[in-house]
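K.L.:
My file is my_file_1.txt. It has compact mmCIF, C-alpha atoms and all ligand atoms:
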# COMPACT_ATOMS: atom_id res chain seq x y z
CA MET A 755 -20.35 -14.17 -7.14
CA ASP A 756 -18.79 -14.91 -3.84
CA ALA A 757 -15.44 -15.58 -2.20
CA ILE A 758 -13.65 -12.83 -4.06
CA ALA A 759 -10.36 -11.85 -2.48
CA ALA A 760 -10.77 -8.10 -2.27
CA GLY A 761 -8.64 -7.18 0.71
CA TYR A 762 -5.08 -7.02 1.94
CA THR A 763 -3.55 -10.13 3.50
CA ILE A 764 -2.96 -8.83 7.05
CA ASP A 765 -5.62 -7.43 9.37
CA LEU A 766 -4.54 -6.70 12.94
CA HIS A 767 -7.76 -5.19 14.30
CA THR A 768 -11.06 -7.11 14.17
CA HIS A 769 -14.07 -7.65 16.44
CA SER A 770 -16.56 -10.49 16.87
CA LEU A 771 -19.71 -11.18 18.86
CA ARG A 772 -17.44 -11.80 21.85
CA SER A 773 -17.33 -8.03 22.22
CA ASP A 774 -19.37 -5.64 20.10
CA GLY A 775 -19.02 -7.13 16.63
CA ALA A 776 -21.94 -8.66 14.76
CA LEU A 777 -20.43 -11.99 13.63
CA SER A 778 -19.29 -15.07 15.54
CA PRO A 779 -15.51 -15.51 15.76
CA ALA A 780 -15.66 -18.34 13.19
CA ASP A 781 -17.75 -16.23 10.79
CA VAL A 782 -15.37 -13.28 11.07
CA VAL A 783 -12.48 -15.57 10.10
CA LYS A 784 -14.51 -17.07 7.24
CA ARG A 785 -15.26 -13.62 5.87
CA ALA A 786 -11.63 -12.56 6.32
CA ALA A 787 -10.43 -15.67 4.45
CA ALA A 788 -12.89 -15.00 1.63
CA ARG A 789 -11.44 -11.51 1.31
CA GLY A 790 -7.89 -12.83 1.09
CA VAL A 791 -6.71 -12.28 4.65
CA THR A 792 -4.09 -14.82 5.78
CA ILE A 793 -3.06 -13.25 9.11
CA GLN A 794 -5.75 -11.86 11.40
CA ALA A 795 -5.69 -10.56 14.94
CA LEU A 796 -9.00 -11.08 16.73
CA SER A 797 -8.97 -8.07 19.06
CA ASP A 798 -12.26 -8.11 20.94
CA HIS A 799 -12.67 -5.45 23.63
CA ASP A 800 -11.60 -6.67 27.07
CA SER A 801 -11.94 -10.30 26.02
CA LEU A 802 -10.03 -13.26 24.62
CA ALA A 803 -13.13 -15.45 24.66
CA GLY A 804 -13.33 -15.71 20.87
CA VAL A 805 -9.72 -16.66 20.20
CA ALA A 806 -10.12 -20.45 20.48
CA GLU A 807 -13.06 -20.53 18.05
CA ALA A 808 -11.30 -18.14 15.65
CA SER A 809 -8.10 -20.20 15.77
CA ALA A 810 -9.98 -23.41 15.00
CA ALA A 811 -11.67 -21.76 12.01
CA GLY A 812 -8.34 -20.26 10.99
CA ARG A 813 -6.69 -23.68 10.94
CA ASP A 814 -9.32 -24.94 8.51
CA LEU A 815 -9.20 -21.87 6.31
CA GLY A 816 -5.49 -21.13 6.27
CA VAL A 817 -5.72 -17.96 8.35
CA ARG A 818 -3.20 -17.48 11.13
CA ILE A 819 -4.99 -16.02 14.16
CA ILE A 820 -3.02 -13.76 16.47
CA PRO A 821 -4.62 -13.62 19.94
CA ALA A 822 -5.29 -10.01 20.86
CA THR A 823 -7.53 -7.68 22.80
CA GLU A 824 -8.38 -3.99 22.66
CA LEU A 825 -8.53 -2.04 25.91
CA ASN A 826 -10.48 1.20 26.06
CA THR A 827 -9.17 3.75 28.52
CA GLU A 828 -10.60 6.62 30.53
CA SER A 829 -8.57 9.78 30.82
CA GLU A 830 -8.14 13.31 29.54
CA TRP A 831 -6.43 11.86 26.45
CA GLY A 832 -9.69 11.26 24.56
CA ASP A 833 -10.42 7.86 23.04
CA ALA A 834 -7.07 6.19 23.60
CA HIS A 835 -7.48 2.48 22.89
CA VAL A 836 -4.64 0.02 23.35
CA LEU A 837 -4.32 -3.16 21.28
CA GLY A 838 -2.40 -6.01 22.91
CA TYR A 839 -0.95 -8.70 20.63
CA PHE A 840 0.33 -12.22 21.38
CA ILE A 841 -1.35 -12.52 24.75
CA ASP A 842 -2.20 -15.94 26.14
CA PRO A 843 -5.96 -16.69 26.17
CA ALA A 844 -5.31 -19.17 29.01
CA ASP A 845 -3.74 -16.52 31.28
CA GLY A 846 -6.05 -16.62 34.31
CA SER A 847 -4.75 -13.51 36.04
CA LEU A 848 -5.22 -11.48 32.86
CA GLU A 849 -8.76 -12.87 32.54
CA ASP A 850 -9.47 -11.62 36.10
CA ARG A 851 -8.50 -8.08 35.05
CA LEU A 852 -10.48 -8.31 31.81
CA ARG A 853 -13.54 -9.53 33.72
CA TRP A 854 -13.31 -6.46 35.97
CA LEU A 855 -13.28 -4.27 32.85
CA ARG A 856 -16.24 -6.12 31.33
CA GLU A 857 -18.26 -5.76 34.55
CA ASN A 858 -17.62 -2.02 34.51
CA ARG A 859 -18.84 -1.97 30.90
CA GLY A 860 -22.03 -3.71 31.97
CA ARG A 861 -22.74 -1.25 34.80
CA ARG A 862 -22.13 1.65 32.48
CA ILE A 863 -24.55 0.34 29.85
CA GLU A 864 -27.21 -0.22 32.56
CA LEU A 865 -26.85 3.42 33.58
CA MET A 866 -27.14 4.54 29.97
CA VAL A 867 -30.34 2.49 29.54
CA GLU A 868 -31.78 4.24 32.63
CA LYS A 869 -30.86 7.63 31.19
CA LEU A 870 -32.41 6.79 27.80
CA ASN A 871 -35.63 5.70 29.49
CA ALA A 872 -35.71 8.91 31.52
CA LEU A 873 -35.11 10.95 28.34
CA GLY A 874 -38.09 9.36 26.58
CA TYR A 875 -36.23 6.80 24.43
CA PRO A 876 -37.38 3.58 26.07
CA VAL A 877 -35.14 0.58 25.50
CA GLU A 878 -35.07 -2.61 27.53
CA LEU A 879 -31.86 -3.77 29.12
CA ALA A 880 -32.94 -7.36 28.41
CA ARG A 881 -33.03 -6.59 24.67
CA VAL A 882 -29.60 -4.91 24.81
CA LEU A 883 -28.19 -8.02 26.52
CA GLU A 884 -29.83 -10.21 23.86
CA ILE A 885 -28.20 -8.18 21.09
CA ALA A 886 -24.83 -8.55 22.80
CA GLN A 887 -25.25 -12.35 22.96
CA GLY A 888 -22.91 -12.61 25.91
CA GLY A 889 -20.21 -10.38 24.40
CA ALA A 890 -18.55 -7.48 26.20
CA LEU A 891 -21.32 -4.86 26.37
CA GLY A 892 -20.81 -1.62 24.51
CA ARG A 893 -22.55 1.37 23.01
CA PRO A 894 -22.97 -0.40 19.62
CA HIS A 895 -25.45 -2.76 21.30
CA LEU A 896 -27.40 0.20 22.66
CA ALA A 897 -27.31 1.85 19.24
CA GLN A 898 -28.84 -1.23 17.65
CA ALA A 899 -31.59 -1.37 20.32
CA LEU A 900 -32.40 2.31 19.72
CA PHE A 901 -32.54 1.73 15.98
CA GLU A 902 -34.82 -1.31 16.35
CA LYS A 903 -37.21 0.73 18.47
CA GLY A 904 -37.37 3.42 15.81
CA HIS A 905 -35.93 6.09 18.12
CA VAL A 906 -33.23 6.92 15.54
CA ARG A 907 -33.14 6.81 11.75
CA SER A 908 -30.00 4.69 11.58
CA TYR A 909 -27.51 2.87 13.72
CA ASP A 910 -24.96 5.64 13.19
CA ALA A 911 -27.52 8.34 14.05
CA ALA A 912 -27.86 6.79 17.51
CA PHE A 913 -24.23 7.67 18.16
CA ASP A 914 -24.52 11.14 16.70
CA THR A 915 -27.61 12.16 18.65
CA LEU A 916 -27.69 10.18 21.89
CA LEU A 917 -24.63 8.05 22.65
CA ALA A 918 -21.55 10.12 21.79
CA LYS A 919 -19.50 11.76 24.51
CA ASP A 920 -21.34 14.86 25.77
CA SER A 921 -24.62 13.53 24.36
CA PRO A 922 -27.60 13.38 26.76
CA ALA A 923 -27.49 9.65 27.50
CA TYR A 924 -23.72 9.37 27.73
CA VAL A 925 -22.18 7.91 30.87
CA GLU A 926 -18.43 7.99 31.51
CA ARG A 927 -16.73 4.69 31.93
CA VAL A 928 -14.61 3.65 34.86
CA GLY A 929 -11.48 2.06 33.57
CA LEU A 930 -7.78 2.02 32.97
CA THR A 931 -5.69 5.02 31.99
CA PRO A 932 -3.70 4.61 28.75
CA THR A 933 -0.51 4.06 30.77
CA GLU A 934 -2.21 1.37 32.86
CA ALA A 935 -3.51 -0.36 29.73
CA VAL A 936 -0.03 -0.53 28.15
CA THR A 937 1.41 -1.74 31.45
CA LEU A 938 -1.27 -4.43 31.80
CA ILE A 939 -0.53 -5.81 28.31
CA ARG A 940 3.23 -5.84 29.05
CA GLU A 941 2.75 -7.52 32.45
CA HIS A 942 1.02 -10.36 30.66
CA GLY A 943 3.63 -10.83 27.97
CA GLY A 944 1.78 -9.00 25.21
CA VAL A 945 2.93 -6.41 22.69
CA PRO A 946 0.92 -3.17 22.95
CA SER A 947 0.06 -0.86 20.06
CA LEU A 948 -1.93 2.37 20.25
CA ALA A 949 -5.17 1.92 18.25
CA HIS A 950 -6.53 4.57 15.81
CA PRO A 951 -4.36 7.43 17.12
CA GLY A 952 -6.61 9.96 15.37
CA THR A 953 -9.06 9.76 18.28
CA VAL A 954 -6.42 10.60 20.88
CA VAL A 955 -6.35 14.13 22.30
CA GLY A 956 -2.75 15.30 22.79
CA LEU A 957 -1.14 12.45 20.85
CA ASP A 958 2.37 13.94 20.73
CA GLU A 959 2.40 14.40 24.51
CA LEU A 960 0.91 11.00 25.27
CA LEU A 961 3.14 8.86 23.01
CA PRO A 962 6.44 9.27 24.92
CA LYS A 963 4.66 8.49 28.20
CA LEU A 964 3.32 5.25 26.72
CA VAL A 965 6.68 4.35 25.15
CA ALA A 966 8.23 4.73 28.62
CA VAL A 967 5.99 1.93 29.96
CA GLY A 968 6.41 -0.37 26.97
CA LEU A 969 4.29 0.74 24.03
CA ALA A 970 5.70 -1.07 20.97
CA GLY A 971 3.40 -0.10 18.11
CA ILE A 972 1.16 2.59 16.67
CA GLU A 973 -1.81 1.90 14.39
CA ALA A 974 -0.63 4.09 11.55
CA TYR A 975 -2.74 2.31 8.93
CA TYR A 976 -6.42 2.78 9.68
CA GLY A 977 -9.48 3.30 7.48
CA ALA A 978 -10.55 6.62 8.97
CA HIS A 979 -7.06 8.14 8.80
CA SER A 980 -6.33 10.89 6.29
CA PRO A 981 -3.03 10.49 4.40
CA GLU A 982 -1.70 13.27 6.66
CA MET A 983 -2.65 11.34 9.80
CA THR A 984 -0.96 8.19 8.50
CA ALA A 985 2.17 10.19 7.66
CA ARG A 986 2.15 11.76 11.11
CA CYS A 987 1.88 8.33 12.76
CA LEU A 988 4.71 6.96 10.60
CA ALA A 989 6.88 9.92 11.59
CA SER A 990 6.11 9.28 15.28
CA ALA A 991 6.90 5.60 14.78
CA ARG A 992 10.31 6.46 13.32
CA ALA A 993 11.09 9.00 16.03
CA LEU A 994 10.04 6.77 18.92
CA GLY A 995 11.08 3.34 17.62
CA LEU A 996 7.51 2.06 17.28
CA VAL A 997 6.26 -0.59 14.86
CA PRO A 998 3.58 0.83 12.53
CA THR A 999 0.55 -1.51 12.75
CA GLY A 1000 -2.83 -1.42 11.03
CA GLY A 1001 -6.21 -3.00 10.69
CA SER A 1002 -9.81 -2.66 9.61
CA ASP A 1003 -11.50 -2.37 13.05
CA PHE A 1004 -14.21 -4.49 11.42
CA HIS A 1005 -17.36 -4.80 13.52
CA GLY A 1006 -19.92 -5.78 10.90
CA ARG A 1007 -22.30 -3.12 12.19
CA GLY A 1008 -23.13 0.23 10.65
CA GLU A 1009 -20.20 2.12 9.22
CA HIS A 1010 -17.92 1.49 12.19
CA GLY A 1011 -14.55 0.45 10.73
CA THR A 1012 -13.86 -0.87 7.22
CA ASP A 1013 -14.32 -4.36 5.81
CA LEU A 1014 -11.93 -7.13 6.69
CA GLY A 1015 -8.56 -6.74 5.01
CA GLY A 1016 -9.62 -3.25 3.95
CA VAL A 1017 -6.48 -1.53 5.18
CA PHE A 1018 -2.92 -1.98 3.93
CA VAL A 1019 -0.53 -3.40 6.54
CA PRO A 1020 3.14 -3.92 5.61
CA PRO A 1021 4.15 -7.62 5.48
CA GLU A 1022 7.10 -7.14 7.87
CA THR A 1023 4.76 -5.95 10.64
CA ILE A 1024 4.23 -9.37 12.23
CA GLU A 1025 7.93 -10.14 12.47
CA ARG A 1026 8.63 -6.69 13.85
CA LEU A 1027 5.91 -7.05 16.51
CA GLU A 1028 7.16 -10.52 17.44
CA SER A 1029 10.65 -9.11 17.94
CA ARG A 1030 9.16 -6.79 20.59
CA ARG A 1031 7.81 -9.61 22.74
CA GLY A 1032 9.26 -9.69 26.22
CA ARG A 1033 10.90 -6.29 25.95
CA ALA A 1034 9.79 -2.72 25.61
ZN ZN B 1 -11.03 1.28 19.37
ZN ZN B 2 -11.61 -1.76 17.66
Could I get this structure in the form of structure tokens?

P.N.:
Amino acid sequence: MDAIAAGYTIDLHTHSLRSDGALSPADVVKRAAARGVTIQALSDHDSLAGVAEASAAGRDLGVRIIPATELNTESEWGDAHVLGYFIDPADGSLEDRLRWLRENRGRRIELMVEKLNALGYPVELARVLEIAQGGALGRPHLAQALFEKGHVRSYDAAFDTLLAKDSPAYVERVGLTPTEAVTLIREHGGVPSLAHPGTVVGLDELLPKLVAVGLAGIEAYYGAHSPEMTARCLASARALGLVPTGGSDFHGRGEHGTDLGGVFVPPETIERLESRRGRA
């Protein structure tokens, strides 16, 4: 049996081959449509390159595509990722900034390949680039290369043993701070939401700082969240006037994220996010 609608209708966090996902933008939309999604944000890391293809597929399949990106940040706040919704894929000055971020990603992955080789886990940069197929390079590509070479038992084990922060082959990224990421999205007319807040260190301290520069949403609904974490995010949203957002973080690789439409997102979310365009 195929094409069974098994998911929720809104998914505001998805990745394609244009960053570190496994499927082409069109195939991600096809799979989302088959699972019953009717509104999908394609939120590739540091890239809007997949939006046109996703939108074209969405028009055929009855899925509204919201152009988005996810910006990783580097700071003492842990893994603070910022989703930016309703940004313009044709915005050249934004693309310049995103290209800078992607180039930093590339240099970082090159350094990690060198470290892995020195540690006795030989992988070839050329193979890592092949796996990425031109998408924004990330650790998932390295994980797949390590798995293929038999250096780890599974894709996820690569993260646990070699690629996680403080692991032997880990290299810090150069990048934006969370405040800079929110500001960048706002400067380009987007609506920023803090992704998977469970990975942030010092969430309660960070949130007001981000709200001050224009944060509009918080990803309260997320597969890896406990009910307590979701409740905590919803309480923060109420206290700080943020829109609760949510999504699957689908990558199509390993166990990273849930399947498309796998996370409940309230139907009023889109309208609420749209009302935050052009203002903090
Ligand atoms: Zn993320
Ligand atoms: Zn993501």

K.L.:
At a cut-off of 9 Å, using all atoms listed in the file, what residues contact Arg1031 in chain A? Leave out same-chain residues fewer than 3 positions from it and give the result as a list in words.

P.N.:
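Near neighbours after the sequence-gap exclusion: Phe840, Arg940, Gly943, Gly944, Val945, Ala970, Leu1027, Glu1028 and Ala1034 of chain A.
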
K.L.:
What lies within 9 Å of range 806-820 of chain A using only C-alpha atoms, ignoring chain neighbours under 4 positions off, as a ChimeraX atom specification?

P.N.:
/A:766,778-784,786-787,791-797,802,839-841,843

K.L.:
Have a look at A:Leu825, A:Val955, A:Val997, A:Val882 and name the one nearest to ligand ZN 1 (chain B); count all atoms listed in the file.

P.N.:
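Ranking A:Leu825, A:Val955, A:Val997, A:Val882 by distance to ligand ZN 1 (chain B), first place goes to A:Leu825.
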
K.L.:
Pick the closest to ligand ZN 2 (chain B) from A:Thr953, A:Thr827, A:Thr768, A:Gln887: which is it, counting only C-alpha atoms and all ligand atoms?

P.N.:
A:Thr768

K.L.:
Can you tell me how far CA of Leu960 in chain A sits from CA of Leu930 in chain A, in Å to one decimal?

P.N.:
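CA of Leu960 in chain A sits 14.7 Å away from CA of Leu930 in chain A.
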
K.L.:
Identify which of the residues A:Ile972, A:Thr933, A:Pro1021, A:Ser801 lies closest to Asp850 in chain A, counting only C-alpha atoms when measuring atom-to-atom distances.

P.N.:
A:Ser801

K.L.:
As a quick test: using all atoms listed in the file, which residues lie no more than 12 Å away from ligand ZN 2 (chain B)? Give them as number ranges by chain.

P.N.:
A: 765-770, 773-775, 795-801, 822-826, 833-838, 892, 894, 947-951, 953, 973, 976-977, 1000-1006, 1010-1012

K.L.:
Around all the atoms of range 950-961 of chain A listed in the file, with 6 Å of room on each side, what axis-aligned box do you get, giving centre and edge lengths in Å to one decimal, as AutoDock Vina command-line options?

P.N.:
--center_x -3.0 --center_y 9.9 --center_z 20.3 --size_x 24.2 --size_y 22.7 --size_z 21.9

K.L.:
From the list A:Tyr762, A:Phe1018, A:Tyr924, A:Trp831, which residue is nearest Leu961 in chain A when using only C-alpha atoms?

P.N.:
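Of A:Tyr762, A:Phe1018, A:Tyr924, A:Trp831, the one nearest Leu961 in chain A is A:Trp831, counting only C-alpha atoms.
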
K.L.:
One number please: CA of Glu934 in chain A to CA of Lys869 in chain A, in Å, one decimal.

P.N.:
29.4 Å

K.L.:
Go through A:Gly832, A:Gly846, A:Ile764, A:Thr937 and flag the residue nearest ligand ZN 1 (chain B), using all atoms listed in the file for the distances.

P.N.:
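Of all the options, A:Gly832 lies closest to ligand ZN 1 (chain B).
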
K.L.:
Provide the CA of Thr931 in chain A to CA of Arg851 in chain A distance in Å, to one decimal place.

P.N.:
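Value for the CA of Thr931 in chain A-CA of Arg851 in chain A distance: 13.7 Å.
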
K.L.:
Would you mind telling me which residue in A:Ala978, A:Ile1024, A:Val965, A:Leu852 lies nearest to ligand ZN 1 (chain B) when using only C-alpha atoms and all ligand atoms?

P.N.:
A:Ala978

K.L.:
Applying 6 Å and all atoms listed in the file, which residues near Thr984 in chain A remain after dropping the ones on its own chain fewer than 3 positions away? List them as a ChimeraX atom specification.

P.N.:
/A:974,981,987

K.L.:
Near Arg859 in chain A, within 8 Å and counting only C-alpha atoms, which residues show up once chain neighbours fewer than 4 positions away are dropped, as a PyMOL selection string?

P.N.:
chain A and resi 855+863+890-892+927

K.L.:
Show me, as an MDAnalysis selection string, the residues that have an atom within 12 Å of Ala880 in chain A when counting all atoms listed in the file, minus same-chain residues fewer than 4 positions from it.

P.N.:
chainID A and resid 863:864 867 884:888 895:896 899
